[in-house]
>>> print(open('query-v9.cif').read())   # mmCIF, N, CA and C atoms
data_query
#
loop_
_atom_site.group_PDB
_atom_site.id
_atom_site.type_symbol
_atom_site.label_atom_id
_atom_site.label_comp_id
_atom_site.auth_asym_id
_atom_site.auth_seq_id
_atom_site.Cartn_x
_atom_site.Cartn_y
_atom_site.Cartn_z
ATOM 1 N N MET A 1 34.937 -2.406 14.523
ATOM 2 C CA MET A 1 36.048 -2.332 13.590
ATOM 3 C C MET A 1 36.775 -1.000 13.789
ATOM 4 N N ALA A 2 38.078 -1.029 13.802
ATOM 5 C CA ALA A 2 38.877 0.160 14.061
ATOM 6 C C ALA A 2 38.897 1.089 12.854
ATOM 7 N N ARG A 3 39.082 2.339 13.134
ATOM 8 C CA ARG A 3 39.198 3.346 12.084
ATOM 9 C C ARG A 3 40.583 3.216 11.442
ATOM 10 N N SER A 4 40.667 3.530 10.137
ATOM 11 C CA SER A 4 41.936 3.320 9.440
ATOM 12 C C SER A 4 43.014 4.278 9.944
ATOM 13 N N LEU A 5 44.247 3.813 9.934
ATOM 14 C CA LEU A 5 45.362 4.633 10.391
ATOM 15 C C LEU A 5 45.581 5.830 9.473
ATOM 16 N N LYS A 6 45.234 5.671 8.202
ATOM 17 C CA LYS A 6 45.397 6.764 7.247
ATOM 18 C C LYS A 6 44.505 7.951 7.626
ATOM 19 N N LYS A 7 43.289 7.661 8.092
ATOM 20 C CA LYS A 7 42.357 8.728 8.475
ATOM 21 C C LYS A 7 42.692 9.312 9.842
ATOM 22 N N GLY A 8 43.183 8.489 10.740
ATOM 23 C CA GLY A 8 43.468 8.957 12.090
ATOM 24 C C GLY A 8 42.234 8.858 12.970
ATOM 25 N N PRO A 9 42.375 9.159 14.267
ATOM 26 C CA PRO A 9 41.240 9.042 15.188
ATOM 27 C C PRO A 9 40.208 10.128 14.937
ATOM 28 N N TYR A 10 38.934 9.815 15.210
ATOM 29 C CA TYR A 10 37.880 10.810 15.056
ATOM 30 C C TYR A 10 37.774 11.620 16.338
ATOM 31 N N ILE A 11 37.883 12.923 16.191
ATOM 32 C CA ILE A 11 37.700 13.836 17.315
ATOM 33 C C ILE A 11 36.775 14.932 16.815
ATOM 34 N N ASP A 12 35.666 15.123 17.501
ATOM 35 C CA ASP A 12 34.691 16.127 17.100
ATOM 36 C C ASP A 12 35.345 17.508 17.154
ATOM 37 N N PRO A 13 35.248 18.291 16.083
ATOM 38 C CA PRO A 13 35.873 19.621 16.073
ATOM 39 C C PRO A 13 35.336 20.538 17.168
ATOM 40 N N ASN A 14 34.071 20.375 17.524
ATOM 41 C CA ASN A 14 33.506 21.216 18.578
ATOM 42 C C ASN A 14 34.141 20.918 19.934
ATOM 43 N N VAL A 15 34.481 19.654 20.177
ATOM 44 C CA VAL A 15 35.124 19.286 21.437
ATOM 45 C C VAL A 15 36.528 19.882 21.495
ATOM 46 N N THR A 16 37.277 19.798 20.409
ATOM 47 C CA THR A 16 38.631 20.361 20.403
ATOM 48 C C THR A 16 38.584 21.878 20.541
ATOM 49 N N LYS A 17 37.567 22.503 19.967
ATOM 50 C CA LYS A 17 37.415 23.948 20.076
ATOM 51 C C LYS A 17 37.145 24.367 21.529
ATOM 52 N N LYS A 18 36.368 23.548 22.258
ATOM 53 C CA LYS A 18 36.014 23.875 23.635
ATOM 54 C C LYS A 18 37.193 23.732 24.598
ATOM 55 N N ILE A 19 38.148 22.840 24.292
ATOM 56 C CA ILE A 19 39.284 22.658 25.200
ATOM 57 C C ILE A 19 40.513 23.435 24.759
ATOM 58 N N ALA A 20 40.489 24.030 23.574
ATOM 59 C CA ALA A 20 41.664 24.730 23.057
ATOM 60 C C ALA A 20 41.993 25.950 23.921
ATOM 61 N N GLY A 21 43.240 26.015 24.368
ATOM 62 C CA GLY A 21 43.715 27.163 25.126
ATOM 63 C C GLY A 21 43.192 27.272 26.546
ATOM 64 N N LYS A 22 42.580 26.226 27.076
ATOM 65 C CA LYS A 22 42.041 26.264 28.438
ATOM 66 C C LYS A 22 42.813 25.289 29.316
ATOM 67 N N LYS A 23 42.785 25.575 30.614
ATOM 68 C CA LYS A 23 43.410 24.675 31.579
ATOM 69 C C LYS A 23 42.324 23.848 32.248
ATOM 70 N N PRO A 24 42.613 22.574 32.541
ATOM 71 C CA PRO A 24 41.602 21.702 33.153
ATOM 72 C C PRO A 24 41.086 22.213 34.493
ATOM 73 N N SER A 25 41.932 22.871 35.264
ATOM 74 C CA SER A 25 41.513 23.334 36.591
ATOM 75 C C SER A 25 40.577 24.541 36.511
ATOM 76 N N GLU A 26 40.627 25.277 35.421
ATOM 77 C CA GLU A 26 39.837 26.501 35.296
ATOM 78 C C GLU A 26 38.435 26.269 34.746
ATOM 79 N N THR A 27 38.229 25.184 34.035
ATOM 80 C CA THR A 27 36.952 25.004 33.346
ATOM 81 C C THR A 27 36.019 24.072 34.110
ATOM 82 N N ALA A 28 34.728 24.350 33.936
ATOM 83 C CA ALA A 28 33.707 23.459 34.488
ATOM 84 C C ALA A 28 33.554 22.280 33.530
ATOM 85 N N ALA A 29 32.583 21.416 33.802
ATOM 86 C CA ALA A 29 32.357 20.261 32.925
ATOM 87 C C ALA A 29 31.953 20.735 31.536
ATOM 88 N N ILE A 30 32.514 20.102 30.540
ATOM 89 C CA ILE A 30 32.221 20.436 29.147
ATOM 90 C C ILE A 30 31.158 19.467 28.656
ATOM 91 N N LYS A 31 29.974 19.977 28.339
ATOM 92 C CA LYS A 31 28.886 19.121 27.875
ATOM 93 C C LYS A 31 29.116 18.739 26.422
ATOM 94 N N THR A 32 28.891 17.462 26.123
ATOM 95 C CA THR A 32 29.023 17.010 24.745
ATOM 96 C C THR A 32 28.083 15.845 24.459
ATOM 97 N N TRP A 33 27.596 15.821 23.236
ATOM 98 C CA TRP A 33 26.786 14.700 22.760
ATOM 99 C C TRP A 33 27.653 13.759 21.918
ATOM 100 N N SER A 34 28.908 14.131 21.705
ATOM 101 C CA SER A 34 29.806 13.384 20.833
ATOM 102 C C SER A 34 30.422 12.209 21.570
ATOM 103 N N ARG A 35 29.678 11.101 21.636
ATOM 104 C CA ARG A 35 30.153 9.897 22.295
ATOM 105 C C ARG A 35 31.218 9.182 21.465
ATOM 106 N N ALA A 36 31.263 9.468 20.173
ATOM 107 C CA ALA A 36 32.183 8.780 19.264
ATOM 108 C C ALA A 36 33.571 9.403 19.234
ATOM 109 N N SER A 37 33.763 10.526 19.905
ATOM 110 C CA SER A 37 35.064 11.187 19.892
ATOM 111 C C SER A 37 36.104 10.369 20.654
ATOM 112 N N THR A 38 37.277 10.263 20.068
ATOM 113 C CA THR A 38 38.386 9.565 20.708
ATOM 114 C C THR A 38 39.049 10.490 21.720
ATOM 115 N N ILE A 39 39.434 9.951 22.862
ATOM 116 C CA ILE A 39 40.097 10.735 23.896
ATOM 117 C C ILE A 39 41.570 10.882 23.532
ATOM 118 N N THR A 40 42.040 12.121 23.518
ATOM 119 C CA THR A 40 43.418 12.427 23.162
ATOM 120 C C THR A 40 44.185 12.892 24.405
ATOM 121 N N PRO A 41 45.517 12.931 24.349
ATOM 122 C CA PRO A 41 46.299 13.385 25.505
ATOM 123 C C PRO A 41 46.003 14.830 25.926
ATOM 124 N N GLU A 42 45.528 15.666 24.998
ATOM 125 C CA GLU A 42 45.202 17.056 25.332
ATOM 126 C C GLU A 42 43.990 17.143 26.259
ATOM 127 N N MET A 43 43.196 16.093 26.330
ATOM 128 C CA MET A 43 41.967 16.093 27.128
ATOM 129 C C MET A 43 42.196 15.670 28.583
ATOM 130 N N ILE A 44 43.401 15.224 28.920
ATOM 131 C CA ILE A 44 43.672 14.724 30.273
ATOM 132 C C ILE A 44 43.442 15.840 31.296
ATOM 133 N N GLY A 45 42.681 15.506 32.324
ATOM 134 C CA GLY A 45 42.405 16.454 33.389
ATOM 135 C C GLY A 45 41.071 17.164 33.254
ATOM 136 N N PHE A 46 40.519 17.220 32.045
ATOM 137 C CA PHE A 46 39.231 17.870 31.834
ATOM 138 C C PHE A 46 38.099 16.968 32.301
ATOM 139 N N THR A 47 36.981 17.563 32.647
ATOM 140 C CA THR A 47 35.780 16.816 33.000
ATOM 141 C C THR A 47 34.755 17.062 31.902
ATOM 142 N N PHE A 48 34.243 15.976 31.339
ATOM 143 C CA PHE A 48 33.247 16.070 30.287
ATOM 144 C C PHE A 48 31.904 15.581 30.808
ATOM 145 N N GLY A 49 30.844 16.244 30.397
ATOM 146 C CA GLY A 49 29.488 15.768 30.643
ATOM 147 C C GLY A 49 29.060 15.038 29.388
ATOM 148 N N VAL A 50 29.144 13.717 29.387
ATOM 149 C CA VAL A 50 28.851 12.919 28.190
ATOM 150 C C VAL A 50 27.400 12.472 28.245
ATOM 151 N N HIS A 51 26.662 12.763 27.186
ATOM 152 C CA HIS A 51 25.230 12.460 27.143
ATOM 153 C C HIS A 51 25.011 10.964 26.952
ATOM 154 N N ASN A 52 24.114 10.388 27.771
ATOM 155 C CA ASN A 52 23.848 8.957 27.655
ATOM 156 C C ASN A 52 22.462 8.679 27.073
ATOM 157 N N GLY A 53 21.812 9.698 26.544
ATOM 158 C CA GLY A 53 20.481 9.540 25.985
ATOM 159 C C GLY A 53 19.431 10.184 26.862
ATOM 160 N N LYS A 54 19.767 10.401 28.129
ATOM 161 C CA LYS A 54 18.837 11.020 29.071
ATOM 162 C C LYS A 54 19.520 12.131 29.863
ATOM 163 N N ASP A 55 20.694 11.842 30.405
ATOM 164 C CA ASP A 55 21.411 12.785 31.252
ATOM 165 C C ASP A 55 22.847 12.949 30.757
ATOM 166 N N PHE A 56 23.526 13.924 31.345
ATOM 167 C CA PHE A 56 24.957 14.094 31.090
ATOM 168 C C PHE A 56 25.699 13.508 32.279
ATOM 169 N N LEU A 57 26.450 12.444 32.052
ATOM 170 C CA LEU A 57 27.234 11.819 33.116
ATOM 171 C C LEU A 57 28.634 12.424 33.134
ATOM 172 N N GLN A 58 29.103 12.773 34.331
ATOM 173 C CA GLN A 58 30.416 13.398 34.492
ATOM 174 C C GLN A 58 31.522 12.358 34.295
ATOM 175 N N VAL A 59 32.444 12.662 33.389
ATOM 176 C CA VAL A 59 33.576 11.776 33.119
ATOM 177 C C VAL A 59 34.851 12.591 33.243
ATOM 178 N N LYS A 60 35.674 12.275 34.241
ATOM 179 C CA LYS A 60 36.963 12.956 34.410
ATOM 180 C C LYS A 60 38.011 12.139 33.673
ATOM 181 N N ILE A 61 38.700 12.781 32.765
ATOM 182 C CA ILE A 61 39.647 12.087 31.884
ATOM 183 C C ILE A 61 40.994 11.922 32.589
ATOM 184 N N ASN A 62 41.524 10.694 32.556
ATOM 185 C CA ASN A 62 42.873 10.435 33.072
ATOM 186 C C ASN A 62 43.689 9.717 31.998
ATOM 187 N N GLU A 63 44.935 9.435 32.295
ATOM 188 C CA GLU A 63 45.868 8.894 31.298
ATOM 189 C C GLU A 63 45.452 7.539 30.737
ATOM 190 N N GLU A 64 44.829 6.707 31.551
ATOM 191 C CA GLU A 64 44.456 5.367 31.091
ATOM 192 C C GLU A 64 43.341 5.398 30.045
ATOM 193 N N MET A 65 42.624 6.503 29.941
ATOM 194 C CA MET A 65 41.484 6.594 29.023
ATOM 195 C C MET A 65 41.893 7.002 27.606
ATOM 196 N N VAL A 66 43.123 7.442 27.421
ATOM 197 C CA VAL A 66 43.572 7.910 26.109
ATOM 198 C C VAL A 66 43.458 6.781 25.087
ATOM 199 N N GLY A 67 42.858 7.091 23.933
ATOM 200 C CA GLY A 67 42.658 6.097 22.878
ATOM 201 C C GLY A 67 41.274 5.485 22.885
ATOM 202 N N HIS A 68 40.550 5.609 23.990
ATOM 203 C CA HIS A 68 39.179 5.104 24.069
ATOM 204 C C HIS A 68 38.204 6.183 23.609
ATOM 205 N N LYS A 69 36.947 5.828 23.510
ATOM 206 C CA LYS A 69 35.909 6.771 23.108
ATOM 207 C C LYS A 69 35.227 7.343 24.350
ATOM 208 N N LEU A 70 34.709 8.557 24.258
ATOM 209 C CA LEU A 70 34.000 9.170 25.382
ATOM 210 C C LEU A 70 32.775 8.353 25.781
ATOM 211 N N GLY A 71 32.095 7.772 24.815
ATOM 212 C CA GLY A 71 30.878 7.015 25.081
ATOM 213 C C GLY A 71 31.094 5.748 25.882
ATOM 214 N N GLU A 72 32.317 5.246 25.935
ATOM 215 C CA GLU A 72 32.599 4.027 26.694
ATOM 216 C C GLU A 72 32.457 4.243 28.196
ATOM 217 N N PHE A 73 32.535 5.486 28.635
ATOM 218 C CA PHE A 73 32.503 5.788 30.057
ATOM 219 C C PHE A 73 31.161 6.385 30.484
ATOM 220 N N SER A 74 30.182 6.341 29.610
ATOM 221 C CA SER A 74 28.847 6.855 29.915
ATOM 222 C C SER A 74 27.824 5.816 29.465
ATOM 223 N N PRO A 75 27.507 4.826 30.317
ATOM 224 C CA PRO A 75 26.600 3.750 29.902
ATOM 225 C C PRO A 75 25.199 4.264 29.581
ATOM 226 N N THR A 76 24.602 3.699 28.538
ATOM 227 C CA THR A 76 23.280 4.150 28.102
ATOM 228 C C THR A 76 22.152 3.367 28.750
ATOM 229 N N THR A 77 22.459 2.211 29.306
ATOM 230 C CA THR A 77 21.415 1.412 29.945
ATOM 231 C C THR A 77 21.788 1.171 31.400
ATOM 232 N N LYS A 78 20.771 0.993 32.226
ATOM 233 C CA LYS A 78 20.983 0.756 33.648
ATOM 234 C C LYS A 78 20.661 -0.696 33.932
ATOM 235 N N PHE A 79 21.651 -1.429 34.436
ATOM 236 C CA PHE A 79 21.455 -2.841 34.728
ATOM 237 C C PHE A 79 20.734 -2.971 36.058
ATOM 238 N N LEU A 80 19.575 -3.595 36.057
ATOM 239 C CA LEU A 80 18.850 -3.821 37.295
ATOM 240 C C LEU A 80 19.289 -5.137 37.901
ATOM 241 N N ARG A 81 18.911 -6.252 37.297
ATOM 242 C CA ARG A 81 19.390 -7.579 37.674
ATOM 243 C C ARG A 81 18.774 -8.597 36.737
ATOM 244 N N HIS A 82 19.353 -9.767 36.708
ATOM 245 C CA HIS A 82 18.818 -10.838 35.898
ATOM 246 C C HIS A 82 17.559 -11.383 36.556
ATOM 247 N N GLY A 83 16.690 -11.923 35.733
ATOM 248 C CA GLY A 83 15.443 -12.475 36.263
ATOM 249 C C GLY A 83 15.634 -13.892 36.755
ATOM 250 N N GLY A 84 14.539 -14.583 36.919
ATOM 251 C CA GLY A 84 14.602 -15.962 37.372
ATOM 252 C C GLY A 84 13.844 -16.142 38.667
ATOM 253 N N LYS A 85 13.587 -17.399 38.987
ATOM 254 C CA LYS A 85 12.800 -17.721 40.167
ATOM 255 C C LYS A 85 13.482 -17.263 41.457
ATOM 256 N N ALA A 86 14.778 -17.477 41.565
ATOM 257 C CA ALA A 86 15.496 -17.096 42.783
ATOM 258 C C ALA A 86 15.458 -15.580 42.976
ATOM 259 N N GLN A 87 15.557 -14.834 41.898
ATOM 260 C CA GLN A 87 15.527 -13.381 42.003
ATOM 261 C C GLN A 87 14.148 -12.886 42.421
ATOM 262 N N LYS A 88 13.089 -13.526 41.922
ATOM 263 C CA LYS A 88 11.736 -13.117 42.285
ATOM 264 C C LYS A 88 11.481 -13.358 43.764
ATOM 265 N N GLU A 89 11.952 -14.490 44.293
ATOM 266 C CA GLU A 89 11.777 -14.785 45.713
ATOM 267 C C GLU A 89 12.563 -13.792 46.563
ATOM 268 N N GLU A 90 13.757 -13.444 46.113
ATOM 269 C CA GLU A 90 14.576 -12.496 46.854
ATOM 270 C C GLU A 90 13.943 -11.104 46.811
ATOM 271 N N GLY A 91 13.298 -10.783 45.698
ATOM 272 C CA GLY A 91 12.648 -9.494 45.549
ATOM 273 C C GLY A 91 11.471 -9.316 46.490
ATOM 274 N N LYS A 92 10.802 -10.403 46.867
ATOM 275 C CA LYS A 92 9.656 -10.317 47.774
ATOM 276 C C LYS A 92 10.081 -9.883 49.170
ATOM 277 N N THR A 93 11.264 -10.308 49.585
ATOM 278 C CA THR A 93 11.735 -9.956 50.928
ATOM 279 C C THR A 93 12.586 -8.700 50.897
ATOM 280 N N GLY A 94 12.692 -8.056 49.744
ATOM 281 C CA GLY A 94 13.493 -6.846 49.654
ATOM 282 C C GLY A 94 14.981 -7.109 49.607
ATOM 283 N N GLY A 95 15.392 -8.302 49.233
ATOM 284 C CA GLY A 95 16.805 -8.632 49.141
ATOM 285 C C GLY A 95 17.432 -9.033 50.465
ATOM 286 N N LYS A 96 16.648 -9.059 51.519
ATOM 287 C CA LYS A 96 17.164 -9.440 52.835
ATOM 288 C C LYS A 96 16.577 -10.789 53.228
ATOM 289 N N PRO A 97 17.322 -11.582 53.970
ATOM 290 C CA PRO A 97 16.760 -12.878 54.407
ATOM 291 C C PRO A 97 15.626 -12.642 55.410
ATOM 292 N N ALA A 98 14.729 -13.598 55.484
ATOM 293 C CA ALA A 98 13.601 -13.495 56.403
ATOM 294 C C ALA A 98 14.114 -13.496 57.840
ATOM 295 N N PRO A 99 13.449 -12.759 58.742
ATOM 296 C CA PRO A 99 13.915 -12.726 60.126
ATOM 297 C C PRO A 99 13.771 -14.086 60.787
ATOM 298 N N ALA A 100 14.709 -14.401 61.645
ATOM 299 C CA ALA A 100 14.696 -15.696 62.335
ATOM 300 C C ALA A 100 13.556 -15.715 63.355
ATOM 301 N N ALA A 101 12.988 -16.896 63.569
ATOM 302 C CA ALA A 101 11.903 -17.036 64.537
ATOM 303 C C ALA A 101 12.458 -16.872 65.954
ATOM 304 N N ALA A 102 11.634 -16.322 66.833
ATOM 305 C CA ALA A 102 12.044 -16.117 68.221
ATOM 306 C C ALA A 102 12.219 -17.476 68.893
ATOM 307 N N PRO A 103 13.180 -17.617 69.804
ATOM 308 C CA PRO A 103 13.379 -18.906 70.472
ATOM 309 C C PRO A 103 12.179 -19.220 71.348
ATOM 310 N N ALA A 104 11.847 -20.501 71.434
ATOM 311 C CA ALA A 104 10.694 -20.938 72.239
ATOM 312 C C ALA A 104 11.014 -20.836 73.719
ATOM 313 N N LYS A 105 10.027 -20.402 74.483
ATOM 314 C CA LYS A 105 10.208 -20.268 75.935
ATOM 315 C C LYS A 105 9.845 -21.583 76.619
ATOM 316 N N VAL A 106 10.659 -22.007 77.537
ATOM 317 C CA VAL A 106 10.415 -23.261 78.275
ATOM 318 C C VAL A 106 9.929 -22.878 79.663
ATOM 319 N N LYS A 107 8.804 -23.493 80.097
ATOM 320 C CA LYS A 107 8.258 -23.214 81.437
ATOM 321 C C LYS A 107 8.651 -24.257 82.423
#
>>> encode(input="query-v9.cif", output="structure tokens")
Amino acid sequence: MARSLKKGPYIDPNVTKKIAGKKPSETAAIKTWSRASTITPEMIGFTFGVHNGKDFLQVKINEEMVGHKLGEFSPTTKFLRHGGKAQKEEGKTGGKPAPAAAPAKVK
């Protein structure tokens, strides 16, 4: 559900404090745990280290990201693959097809 227009977008004050008066080219990645912060036009060009629960994933902000949340670009889970019989068989060979048999020699 969207935040009300009367309140405006949520932006963590600590994040705005860290980017205030700085240029994107001069600063290193800005670490933040604030996944709920909305990306604003002032953030374009900055690189954020957004925490995903284990690590800080580097997110470089561009124009298309404005209006989205920082957490949308730092996935918290790693997709391995769906299960099933076909996947188990493929897993036994390491994801590669079995080698073809050598051609029979005719004497």
>>> closest_atom_pairs(input="query-v9.cif", of="stretch 15-45 of chain A", to="stretch 52-59 of chain A", cutoff="8 Å", atoms="all atoms listed in the file", output="Markdown table")
| residue | atom | partner | partner_atom | distance |
| --- | --- | --- | --- | --- |
| A:Ala29 | CA | A:Gln58 | CA | 7.3 |
| A:Ile30 | N | A:Val59 | N | 8.0 |
| A:Lys31 | CA | A:Phe56 | CA | 7.1 |
| A:Thr32 | N | A:Phe56 | CA | 7.2 |
| A:Trp33 | CA | A:Asn52 | N | 7.1 |
| A:Gly45 | C | A:Val59 | C | 7.7 |
>>> select_by_dssp(input="query-v9.cif", residues="chain A", states="helix (DSSP H, G or I)", output="number ranges by chain")
A: 13-19, 41-43, 63-65, 70-73, 85-92
>>> residues_around(input="query-v9.cif", residues="A:Ile11", least_positions_apart="4", cutoff="8 Å", atoms="only N, CA and C atoms", output="number ranges by chain")
A: 15-16, 36-40
>>> resolve_selection(input="query-v9.cif", expression="the PyMOL selection byres (((chain A and resi 46 and name CA) around 7) and name CA)", output="ChimeraX atom specification")
/A:24,43-45,47-48,60-61
>>> closest_residue(input="query-v9.cif", among="A:Lys7, A:Glu89, A:Arg35, A:Lys105", to="A:Glu72", atoms="all atoms listed in the file")
A:Arg35
>>> atom_distance(input="query-v9.cif", atom1="atom N of A:Pro9", atom2="atom N of A:Ser74")
19.8 Å
>>> atom_distance(input="query-v9.cif", atom1="atom CA of A:Lys88", atom2="atom N of A:Thr76")
25.2 Å
>>> closest_residue(input="query-v9.cif", among="A:Gly83, A:Pro75, A:Gly21, A:Pro41", to="A:Glu63", atoms="only C-alpha atoms")
A:Pro41
>>> axis_aligned_box(input="query-v9.cif", around="stretch 48-55 of chain A", padding_each_side="3 Å", output="JSON")
{"center_x": 26.5, "center_y": 12.5, "center_z": 28.7, "size_x": 21.4, "size_y": 13.6, "size_z": 11.4}
>>> atom_distance(input="query-v9.cif", atom1="atom CA of A:Asp12", atom2="atom CA of A:Lys69")
11.2 Å
>>> select_by_dssp(input="query-v9.cif", residues="chain A", states="strand (DSSP E or B)", output="ChimeraX atom specification")
/A:30-32,38,47-51,56-60,69
